[in-house]
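For reference, entry05.cif (mmCIF, C-alpha atoms):
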data_work
loop_
_atom_site.label_atom_id
_atom_site.label_comp_id
_atom_site.auth_asym_id
_atom_site.auth_seq_id
_atom_site.Cartn_x
_atom_site.Cartn_y
_atom_site.Cartn_z
CA MET O 1 58.15 43.96 -12.29
CA SER O 2 57.81 42.57 -8.76
CA ASP O 3 56.10 39.30 -7.84
CA THR O 4 52.30 39.15 -8.07
CA HIS O 5 50.17 37.72 -5.27
CA GLY O 6 46.74 36.16 -5.75
CA LEU O 7 44.39 33.32 -4.96
CA LYS O 8 43.82 30.06 -6.79
CA LEU O 9 41.51 27.06 -6.36
CA LEU O 10 43.08 23.72 -5.42
CA SER O 11 41.58 20.23 -5.17
CA THR O 12 43.47 17.60 -3.16
CA LEU O 13 42.55 13.95 -2.62
CA HIS O 14 43.97 12.46 0.59
CA GLU O 15 44.95 8.87 1.34
CA ASP O 16 42.04 8.48 3.80
CA GLY O 17 39.45 9.38 1.12
CA ARG O 18 38.96 13.03 2.09
CA LEU O 19 38.77 15.53 -0.77
CA THR O 20 39.76 19.08 0.14
CA VAL O 21 38.85 21.93 -2.19
CA GLU O 22 40.14 25.29 -1.05
CA LEU O 23 41.37 28.72 -1.97
CA ALA O 24 45.13 29.03 -1.62
CA GLU O 25 47.47 31.97 -1.87
CA GLU O 26 50.11 31.93 -4.58
CA THR O 27 53.03 34.09 -5.64
CA LEU O 28 53.75 34.45 -9.33
CA PRO O 29 57.15 35.70 -10.53
CA ALA O 30 57.57 38.26 -13.28
CA PRO O 31 57.14 36.64 -16.71
CA LYS O 32 60.24 35.68 -18.68
CA GLY O 33 60.85 34.75 -22.31
CA ASP O 34 57.56 33.93 -24.00
CA GLU O 35 55.55 34.03 -20.76
CA VAL O 36 52.70 36.43 -20.03
CA LEU O 37 50.99 37.30 -16.76
CA VAL O 38 47.23 37.55 -17.16
CA ARG O 39 44.65 38.93 -14.76
CA VAL O 40 41.83 36.40 -15.04
CA GLU O 41 38.49 38.12 -15.61
CA ALA O 42 36.16 35.25 -16.53
CA ALA O 43 36.45 31.44 -16.45
CA PRO O 44 33.61 29.04 -17.35
CA ILE O 45 32.92 25.90 -15.32
CA ASN O 46 32.96 23.08 -17.86
CA PRO O 47 32.00 19.43 -17.15
CA SER O 48 35.66 18.48 -17.58
CA ASP O 49 36.54 20.94 -14.81
CA LEU O 50 33.99 19.38 -12.47
CA GLY O 51 35.55 15.94 -12.91
CA LEU O 52 38.87 17.22 -11.60
CA LEU O 53 37.40 19.61 -9.05
CA PHE O 54 35.11 17.22 -7.17
CA ALA O 55 35.45 13.80 -8.85
CA ALA O 56 32.91 11.49 -7.17
CA ALA O 57 32.94 13.18 -3.75
CA ASP O 58 29.79 13.30 -1.58
CA LEU O 59 29.06 17.02 -1.90
CA ALA O 60 25.64 16.93 -0.23
CA ASN O 61 27.19 15.82 3.07
CA ALA O 62 30.46 17.75 2.84
CA ASP O 63 31.71 20.26 5.39
CA TYR O 64 31.54 23.80 4.02
CA ALA O 65 33.51 26.73 5.43
CA GLU O 66 34.54 30.03 3.88
CA GLY O 67 37.06 29.25 1.17
CA ARG O 68 37.19 25.53 1.93
CA ILE O 69 35.24 22.30 1.37
CA VAL O 70 36.03 18.89 2.86
CA ALA O 71 34.10 15.98 1.31
CA ARG O 72 34.34 12.20 1.49
CA MET O 73 35.13 9.88 -1.39
CA SER O 74 33.98 6.27 -1.49
CA ASP O 75 36.70 3.61 -1.23
CA PRO O 76 36.24 2.40 -4.84
CA ALA O 77 36.40 6.01 -6.12
CA ARG O 78 39.51 6.75 -4.06
CA ARG O 79 41.23 3.63 -5.39
CA ALA O 80 40.31 4.56 -8.95
CA LEU O 81 41.92 7.98 -8.42
CA ALA O 82 45.01 6.70 -6.59
CA GLY O 83 47.29 8.49 -9.04
CA ARG O 84 46.25 11.92 -7.78
CA VAL O 85 46.40 11.21 -4.02
CA GLY O 86 48.37 13.89 -2.19
CA GLN O 87 48.71 16.13 -5.25
CA PRO O 88 47.05 19.57 -5.07
CA MET O 89 45.39 19.97 -8.48
CA THR O 90 44.74 23.35 -10.09
CA ILE O 91 41.39 23.65 -11.87
CA GLY O 92 39.95 25.42 -14.91
CA ASN O 93 40.68 24.57 -18.53
CA GLU O 94 40.03 27.98 -20.07
CA ALA O 95 39.46 31.64 -19.27
CA ALA O 96 39.85 35.18 -20.55
CA GLY O 97 41.61 38.19 -19.10
CA THR O 98 44.04 41.03 -19.66
CA VAL O 99 47.80 40.63 -20.08
CA MET O 100 49.40 42.67 -17.29
CA ALA O 101 53.06 41.86 -17.98
CA ALA O 102 55.05 40.02 -20.62
CA GLY O 103 58.45 38.43 -21.07
CA GLU O 104 61.01 39.75 -23.51
CA ALA O 105 60.09 37.42 -26.40
CA PRO O 106 58.32 39.17 -29.32
CA GLU O 107 55.30 36.88 -29.16
CA ALA O 108 54.81 37.77 -25.48
CA GLN O 109 55.36 41.50 -25.98
CA ALA O 110 52.78 41.48 -28.77
CA LEU O 111 50.11 40.52 -26.21
CA LEU O 112 50.96 43.12 -23.56
CA GLY O 113 47.88 45.07 -22.54
CA LYS O 114 45.58 42.95 -24.72
CA ARG O 115 42.56 40.95 -23.69
CA VAL O 116 43.15 37.28 -24.44
CA ALA O 117 41.41 33.94 -24.25
CA MET O 118 43.54 31.26 -22.57
CA ILE O 119 43.77 27.49 -22.36
CA GLY O 120 46.08 25.30 -20.34
CA GLY O 121 44.58 24.57 -16.93
CA GLY O 122 44.75 26.39 -13.60
CA MET O 123 42.34 29.13 -14.72
CA PHE O 124 40.23 29.23 -11.53
CA ALA O 125 42.58 31.83 -10.10
CA GLU O 126 43.03 35.59 -9.90
CA TYR O 127 46.16 35.52 -12.08
CA ARG O 128 47.69 33.08 -14.53
CA LEU O 129 51.29 32.83 -15.76
CA LEU O 130 51.57 30.91 -19.04
CA GLY O 131 53.26 30.80 -22.44
CA ALA O 132 52.02 33.08 -25.18
CA ALA O 133 51.13 30.01 -27.26
CA GLY O 134 48.32 29.27 -24.81
CA CYS O 135 46.73 32.65 -25.50
CA MET O 136 44.54 33.95 -28.31
CA ALA O 137 44.21 37.71 -28.67
CA LEU O 138 40.56 38.74 -28.71
CA PRO O 139 39.07 41.38 -31.00
CA ASP O 140 38.76 44.79 -29.35
CA ASP O 141 34.97 44.60 -29.28
CA VAL O 142 34.88 41.18 -27.52
CA THR O 143 34.54 41.20 -23.72
CA ALA O 144 36.26 38.79 -21.35
CA GLU O 145 32.93 37.09 -20.73
CA GLN O 146 32.39 36.58 -24.46
CA GLY O 147 35.91 35.25 -24.90
CA ALA O 148 36.06 33.06 -21.78
CA SER O 149 34.62 30.02 -23.58
CA ALA O 150 36.57 30.51 -26.80
CA PHE O 151 38.42 27.20 -26.69
CA VAL O 152 36.74 24.11 -25.23
CA ASN O 153 33.20 24.22 -26.61
CA PRO O 154 33.89 25.96 -29.96
CA LEU O 155 36.86 23.79 -30.86
CA THR O 156 35.06 20.66 -29.68
CA ALA O 157 32.06 21.40 -31.91
CA LEU O 158 34.33 22.18 -34.85
CA GLY O 159 36.36 19.07 -34.05
CA PHE O 160 33.23 16.93 -34.36
CA VAL O 161 32.61 18.26 -37.87
CA GLU O 162 36.29 17.85 -38.80
CA THR O 163 36.25 14.26 -37.51
CA MET O 164 33.03 13.51 -39.42
CA THR O 165 34.54 14.80 -42.66
CA ARG O 166 37.89 13.03 -42.26
CA GLU O 167 36.24 9.69 -41.53
CA GLY O 168 33.90 9.87 -44.51
CA HIS O 169 30.56 10.41 -42.79
CA ARG O 170 27.97 12.93 -43.94
CA ALA O 171 25.71 13.58 -40.96
CA ILE O 172 25.96 13.64 -37.16
CA VAL O 173 23.94 12.45 -34.17
CA HIS O 174 24.59 14.49 -31.02
CA THR O 175 23.34 13.96 -27.46
CA ALA O 176 22.77 16.48 -24.64
CA ALA O 177 22.25 18.72 -27.64
CA ALA O 178 20.72 21.73 -25.87
CA SER O 179 23.99 22.53 -24.07
CA ASN O 180 26.09 25.56 -24.99
CA LEU O 181 28.25 23.21 -27.06
CA GLY O 182 25.19 21.64 -28.65
CA GLN O 183 23.79 25.00 -29.67
CA MET O 184 27.13 25.89 -31.26
CA LEU O 185 27.06 22.62 -33.20
CA VAL O 186 23.55 23.43 -34.45
CA ARG O 187 24.74 26.79 -35.78
CA ILE O 188 27.88 25.28 -37.37
CA CYS O 189 25.87 22.58 -39.14
CA GLN O 190 23.36 25.15 -40.37
CA GLU O 191 26.18 27.26 -41.79
CA ASP O 192 27.91 24.28 -43.38
CA GLY O 193 24.81 22.44 -44.61
CA ILE O 194 25.46 19.33 -42.49
CA PRO O 195 22.45 17.24 -41.41
CA LEU O 196 22.31 16.98 -37.61
CA VAL O 197 20.17 14.82 -35.33
CA ASN O 198 19.84 16.40 -31.89
CA ILE O 199 18.92 14.29 -28.86
CA VAL O 200 17.73 16.04 -25.68
CA ARG O 201 15.98 14.95 -22.48
CA ASN O 202 12.86 17.11 -22.10
CA GLU O 203 10.39 19.30 -23.97
CA ALA O 204 11.96 22.57 -22.81
CA GLN O 205 15.22 21.57 -24.48
CA VAL O 206 13.34 20.59 -27.63
CA ALA O 207 11.88 24.10 -27.73
CA ILE O 208 15.32 25.72 -27.35
CA LEU O 209 16.71 23.97 -30.42
CA GLN O 210 13.55 24.26 -32.50
CA ASP O 211 13.56 28.00 -31.87
CA MET O 212 17.07 28.00 -33.36
CA GLY O 213 15.73 26.31 -36.50
CA ALA O 214 17.08 22.82 -35.79
CA GLU O 215 15.27 20.33 -38.02
CA TYR O 216 15.71 17.06 -36.11
CA VAL O 217 15.23 17.35 -32.35
CA LEU O 218 14.30 14.20 -30.40
CA ASP O 219 13.25 13.89 -26.77
CA SER O 220 14.76 10.68 -25.38
CA SER O 221 12.15 10.57 -22.59
CA LYS O 222 9.26 10.02 -25.04
CA GLU O 223 7.80 6.59 -25.74
CA ASP O 224 8.27 7.00 -29.48
CA PHE O 225 11.92 8.05 -29.18
CA VAL O 226 13.41 4.90 -30.73
CA ALA O 227 11.10 5.05 -33.74
CA ARG O 228 11.71 8.76 -34.24
CA LEU O 229 15.45 8.24 -33.92
CA GLN O 230 15.38 5.65 -36.67
CA ASP O 231 13.35 8.00 -38.89
CA ALA O 232 15.81 10.86 -38.31
CA VAL O 233 18.83 8.66 -39.07
CA ALA O 234 17.13 7.49 -42.26
CA ALA O 235 16.40 11.08 -43.30
CA THR O 236 19.94 12.32 -42.66
CA GLY O 237 22.09 9.28 -43.39
CA ALA O 238 23.96 9.77 -40.12
CA THR O 239 26.55 7.09 -39.34
CA ILE O 240 28.57 8.92 -36.67
CA ALA O 241 27.49 10.04 -33.20
CA PHE O 242 29.05 12.14 -30.45
CA ASP O 243 27.71 11.31 -27.01
CA ALA O 244 28.00 13.51 -23.92
CA ILE O 245 25.99 11.19 -21.67
CA GLY O 246 28.28 8.16 -21.45
CA GLY O 247 26.25 5.80 -19.27
CA GLY O 248 23.08 3.85 -19.99
CA HIS O 249 21.59 2.51 -23.22
CA LEU O 250 21.65 5.61 -25.44
CA VAL O 251 24.78 4.78 -27.46
CA SER O 252 23.40 1.31 -28.10
CA GLN O 253 20.07 2.76 -29.25
CA ILE O 254 21.85 5.09 -31.66
CA LEU O 255 23.99 2.34 -33.18
CA ASN O 256 20.97 0.09 -33.51
CA ALA O 257 18.99 2.82 -35.30
CA MET O 258 21.89 3.27 -37.71
CA GLU O 259 22.07 -0.47 -38.34
CA GLN O 260 18.34 -0.71 -39.00
CA VAL O 261 18.58 2.07 -41.57
CA VAL O 262 21.70 0.93 -43.47
CA SER O 263 20.62 -2.73 -43.59
CA LYS O 264 17.08 -2.05 -44.81
CA ASN O 265 16.43 -3.74 -48.17
CA ALA O 266 19.99 -5.17 -48.14
CA PRO O 267 20.64 -8.92 -48.50
CA TYR O 268 20.58 -10.69 -45.14
CA SER O 269 23.92 -11.19 -43.42
CA ARG O 270 24.38 -12.75 -40.01
CA TYR O 271 27.25 -10.27 -39.51
CA GLY O 272 25.08 -7.23 -40.13
CA SER O 273 25.81 -4.43 -42.56
CA ASP O 274 29.36 -3.67 -43.68
CA ILE O 275 28.87 0.08 -43.30
CA LEU O 276 30.80 1.37 -40.31
CA LYS O 277 28.72 2.95 -37.57
CA GLN O 278 30.89 5.10 -35.29
CA ALA O 279 30.03 6.40 -31.82
CA TYR O 280 32.36 8.65 -29.84
CA ILE O 281 31.79 9.20 -26.13
CA TYR O 282 33.16 12.58 -25.08
CA GLY O 283 31.35 13.21 -21.80
CA ALA O 284 30.11 11.56 -18.62
CA LEU O 285 26.85 13.23 -17.63
CA ASP O 286 25.71 9.74 -16.63
CA MET O 287 28.40 7.98 -14.57
CA SER O 288 26.74 4.54 -14.80
CA PRO O 289 28.12 1.82 -17.12
CA THR O 290 27.65 2.10 -20.86
CA ILE O 291 25.28 -0.74 -21.77
CA LEU O 292 25.41 -2.25 -25.24
CA THR O 293 22.72 -4.53 -26.60
CA ARG O 294 24.59 -5.85 -29.59
CA SER O 295 21.87 -5.87 -32.19
CA PHE O 296 23.84 -3.81 -34.69
CA GLY O 297 26.05 -6.39 -36.36
CA PHE O 298 29.83 -6.16 -36.42
CA GLY O 299 30.34 -3.02 -38.52
CA TRP O 300 30.61 -0.63 -35.58
CA ASN O 301 33.11 1.10 -33.39
CA ILE O 302 32.94 2.95 -30.06
CA GLY O 303 35.74 5.16 -28.82
CA GLY O 304 36.52 8.15 -26.70
CA TRP O 305 36.87 11.63 -28.15
CA LEU O 306 38.97 14.25 -26.38
CA LEU O 307 39.60 17.77 -27.65
CA PHE O 308 43.24 17.92 -26.62
CA SER O 309 44.03 14.62 -28.33
CA PHE O 310 42.26 15.83 -31.46
CA LEU O 311 44.28 19.06 -31.51
CA GLN O 312 47.55 17.22 -30.98
CA LYS O 313 46.88 15.13 -34.07
CA ALA O 314 45.64 18.04 -36.19
CA SER O 315 48.07 19.89 -38.42
CA THR O 316 49.15 23.41 -37.54
CA GLU O 317 47.18 24.68 -40.53
CA THR O 318 44.01 22.90 -39.38
CA ALA O 319 44.31 24.16 -35.81
CA GLU O 320 44.80 27.75 -36.97
CA ARG O 321 41.91 27.49 -39.44
CA LEU O 322 39.59 26.38 -36.64
CA ARG O 323 40.88 29.08 -34.26
CA GLN O 324 40.31 31.75 -36.89
CA ARG O 325 36.74 30.60 -37.39
CA VAL O 326 36.20 30.85 -33.63
CA ARG O 327 37.68 34.38 -33.53
CA ASP O 328 35.40 35.46 -36.37
CA GLY O 329 32.28 34.09 -34.68
CA LEU O 330 32.74 34.64 -30.95
CA THR O 331 29.63 36.79 -30.62
CA THR O 332 27.51 34.82 -33.09
CA THR O 333 28.15 31.17 -33.95
CA PHE O 334 30.21 30.51 -30.83
CA ALA O 335 28.42 32.73 -28.34
CA SER O 336 28.03 31.21 -24.86
CA HIS O 337 25.29 31.97 -22.36
CA TYR O 338 25.60 31.71 -18.58
CA LYS O 339 23.04 31.12 -15.88
CA ALA O 340 25.03 32.94 -13.21
CA ARG O 341 28.33 34.60 -12.42
CA ILE O 342 30.11 33.80 -9.15
CA SER O 343 33.34 34.77 -7.42
CA LEU O 344 36.06 32.32 -6.41
CA LYS O 345 34.78 32.36 -2.83
CA GLU O 346 31.17 31.90 -3.92
CA ALA O 347 32.26 28.91 -6.01
CA LEU O 348 32.92 27.05 -2.73
CA SER O 349 29.57 27.86 -1.09
CA ARG O 350 27.21 24.95 -0.55
CA ASP O 351 24.31 26.34 -2.59
CA ALA O 352 26.52 27.17 -5.57
CA VAL O 353 28.37 23.86 -5.50
CA LEU O 354 25.22 21.74 -5.39
CA THR O 355 23.74 23.78 -8.23
CA TYR O 356 26.58 23.90 -10.75
CA SER O 357 27.82 20.38 -9.99
CA ALA O 358 24.41 19.00 -11.05
CA ARG O 359 25.57 19.48 -14.67
CA ARG O 360 22.13 20.45 -15.94
CA THR O 361 22.07 20.94 -19.68
CA GLY O 362 22.04 24.60 -20.64
CA GLU O 363 23.00 25.84 -17.15
CA LYS O 364 26.57 27.06 -17.51
CA TYR O 365 28.30 29.01 -14.73
CA LEU O 366 31.01 31.62 -15.02
CA ILE O 367 33.64 32.32 -12.37
CA VAL O 368 34.61 35.99 -12.17
CA PRO O 369 37.76 35.84 -9.97
CA ASN O 370 38.39 39.57 -9.70
CA GLY O 371 34.74 40.59 -9.77
#

Take the structure from the file and write it as structure tokens.
Amino acid sequence: MSDTHGLKLLSTLHEDGRLTVELAEETLPAPKGDEVLVRVEAAPINPSDLGLLFAAADLANADYAEGRIVARMSDPARRALAGRVGQPMTIGNEAAGTVMAAGEAPEAQALLGKRVAMIGGGMFAEYRLLGAAGCMALPDDVTAEQGASAFVNPLTALGFVETMTREGHRAIVHTAAASNLGQMLVRICQEDGIPLVNIVRNEAQVAILQDMGAEYVLDSSKEDFVARLQDAVAATGATIAFDAIGGGHLVSQILNAMEQVVSKNAPYSRYGSDILKQAYIYGALDMSPTILTRSFGFGWNIGGWLLFSFLQKASTETAERLRQRVRDGLTTTFASHYKARISLKEALSRDAVLTYSARRTGEKYLIVPNG
């Protein structure tokens, strides 16, 4: 097989604070060994992709041309990202497509001609060369669009439940809960009988989850939110939370509600309850500082939760068990819904950029590179 030529999306931060995002030509050699060459057919834009794609650049005042964006980064942001200065970064954590060529290894040959879901970065491109281990063969009746989001959101939602179980908790609090990921978590918890407290930011999002049969759905914009949160924590016994927001007071409010519930009717202690209250921050929808009002004693912990770190620590058996559950439920439990489909070139247009970079809950975009 001869070399394959295509386009890919690159994001480069320059020493002077300029961020250039552009389409670039690339040449991919014929696959060798366990490598496969995949024609990318669908790639979702996840929040983690946006962080690498645009970082904290001023997109509203950027210069837009066909296939190219030049935006400015503030001095503090540029200094914080000094490690990536001068390095063209490929974008896109996951995608789905068809294997066009394969190396001689049996695991690569087994995927030849098949539609696969992929993970491993660099997916905002027309073609992707990667190892067979980064691919998951899709069932024949699953389209590329249905399989494009088969890794990040499904395995994150399952990872939350796995983490909850391993750490001895029995119920979960989840924020930004009307997202595609949040809706998957609702369905998983319904299937597994796990109590789940869902926190959203408006009435429309409340309706989405209630229509799915979610029992505890709280609107954080309401005046009675704190009281209702405490009631929901009391009803479920939740002592672990997964937060997609990051900034502001929400994590503190959740930990405080947990503390109020577990310390009720317990003997007074100036150190608070001895029941551990755990909050994991896994997103940054709010880039402001995380503010803690420490009214929840000393039995608490806050940490970061990252899918790839979770998978690295999981056993091979656990990872395969979770992948199999995703394969079995791609069109049901783990179905994703998209607001719009755009080409690689359209992904760099001003209107599209300002829309999908807003990170509105429930508004997921899909890049169709060869569409």

Nearby residues (all atoms listed in the file) at most 6 Å from region 281-289 of chain O, same-chain spacing under 3 positions excluded, as a list in words:
Phe242, Asp243, Ala244, Ile245, Gly246, Gly247, Gly304 and Trp305 of chain O

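Going from CA of Ala241 (chain O) to CA of Glu259 (chain O) covers 12.9 Å.
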
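Using only C-alpha atoms, the residues found no farther than 6 Å from Leu366 (chain O), other than those of its own chain fewer than 5 positions away, are Ala43, Pro44 and Arg341 of chain O.
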
List the spatial neighbours of Arg18 (chain O) as a ChimeraX atom specification - criterion: any atom at most 8 Å away, all atoms listed in the file, same-chain residues fewer than 5 positions off excluded.
/O:13,70-73

Skipping near chain neighbours, those fewer than 2 positions away, what residues fall within 8 Å of Ala157 (chain O) using all atoms listed in the file, listed as number ranges by chain?
O: 153-155, 159-161, 181-182, 184-185, 188

Please provide the set of residues having any atom within 10 Å of region 347-364 of chain O, restricted to only C-alpha atoms, with same-chain residues fewer than 4 positions apart removed, written as a PyMOL selection string.
chain O and resi 9+21-23+44-47+49-51+53-54+59-69+124+176-183+200-201+205+208+284-286+336-343+368-369

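You will find CA of Val99 (chain O) at 13.9 Å from CA of Ile119 (chain O).
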
Nearest candidate to Tyr127 (chain O) (options O:Ala101, O:Ala204, O:Val217, O:Leu209; using only C-alpha atoms):
O:Ala101

Pick the closest to Asp274 (chain O) from O:Leu250, O:Val173, O:Ala144, O:Trp300: which is it, counting all atoms listed in the file?
O:Trp300

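Using all atoms listed in the file for every distance, the candidate list O:Leu112, O:Ala125, O:Leu292, O:Ile194 yields O:Ile194 as the residue closest to Thr165 (chain O).
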
Run the PyMOL selection byres ((chain O and resi 81) around 12) against the file shown and list the residues it catches, as an NGL selection string.
:O and (12-15 or 17 or 19 or 51-52 or 54-57 or 73-80 or 82-87)

To verify the selection step, state as an NGL selection string which residues the PyMOL selection byres ((chain O and resi 108-110) around 10) yields on this input.
:O and (31-37 or 99 or 101-107 or 111-114 or 130-133 or 135 or 137)

Step by step, work through what the PyMOL selection byres ((chain O and resi 29) around 8) selects in the shown file, and finish by giving those residues as a short mmCIF file (atom, residue, chain, number, x, y, z; two decimals) with C-alpha atoms, in the coordinates of the input.
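The resulting result.cif:
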data_model
loop_
_atom_site.label_atom_id
_atom_site.label_comp_id
_atom_site.auth_asym_id
_atom_site.auth_seq_id
_atom_site.Cartn_x
_atom_site.Cartn_y
_atom_site.Cartn_z
CA SER O 2 57.81 42.57 -8.76
CA ASP O 3 56.10 39.30 -7.84
CA THR O 4 52.30 39.15 -8.07
CA THR O 27 53.03 34.09 -5.64
CA LEU O 28 53.75 34.45 -9.33
CA ALA O 30 57.57 38.26 -13.28
CA PRO O 31 57.14 36.64 -16.71
#

I'd like the interatomic distance between CA of Ala207 (chain O) and CA of Thr175 (chain O), to a tenth of an Å.
15.3 Å

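With distances taken over all atoms listed in the file, O:Ala150 is the one residue among O:Met100, O:Ser309, O:Ala150, O:Thr239 lying closest to Asp328 (chain O).
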
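Remark: for Leu10 (chain O), the closest of the candidate residues O:Val38, O:Ile91, O:Leu330, O:Ile291 is O:Ile91 (distances computed over only C-alpha atoms).
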
Box centre and edge lengths (Å, one decimal), axis-aligned, region 236-243 of chain O plus 5 Å each side, as AutoDock Vina command-line options:
--center_x 24.5 --center_y 9.7 --center_z -35.2 --size_x 19.1 --size_y 15.2 --size_z 26.4
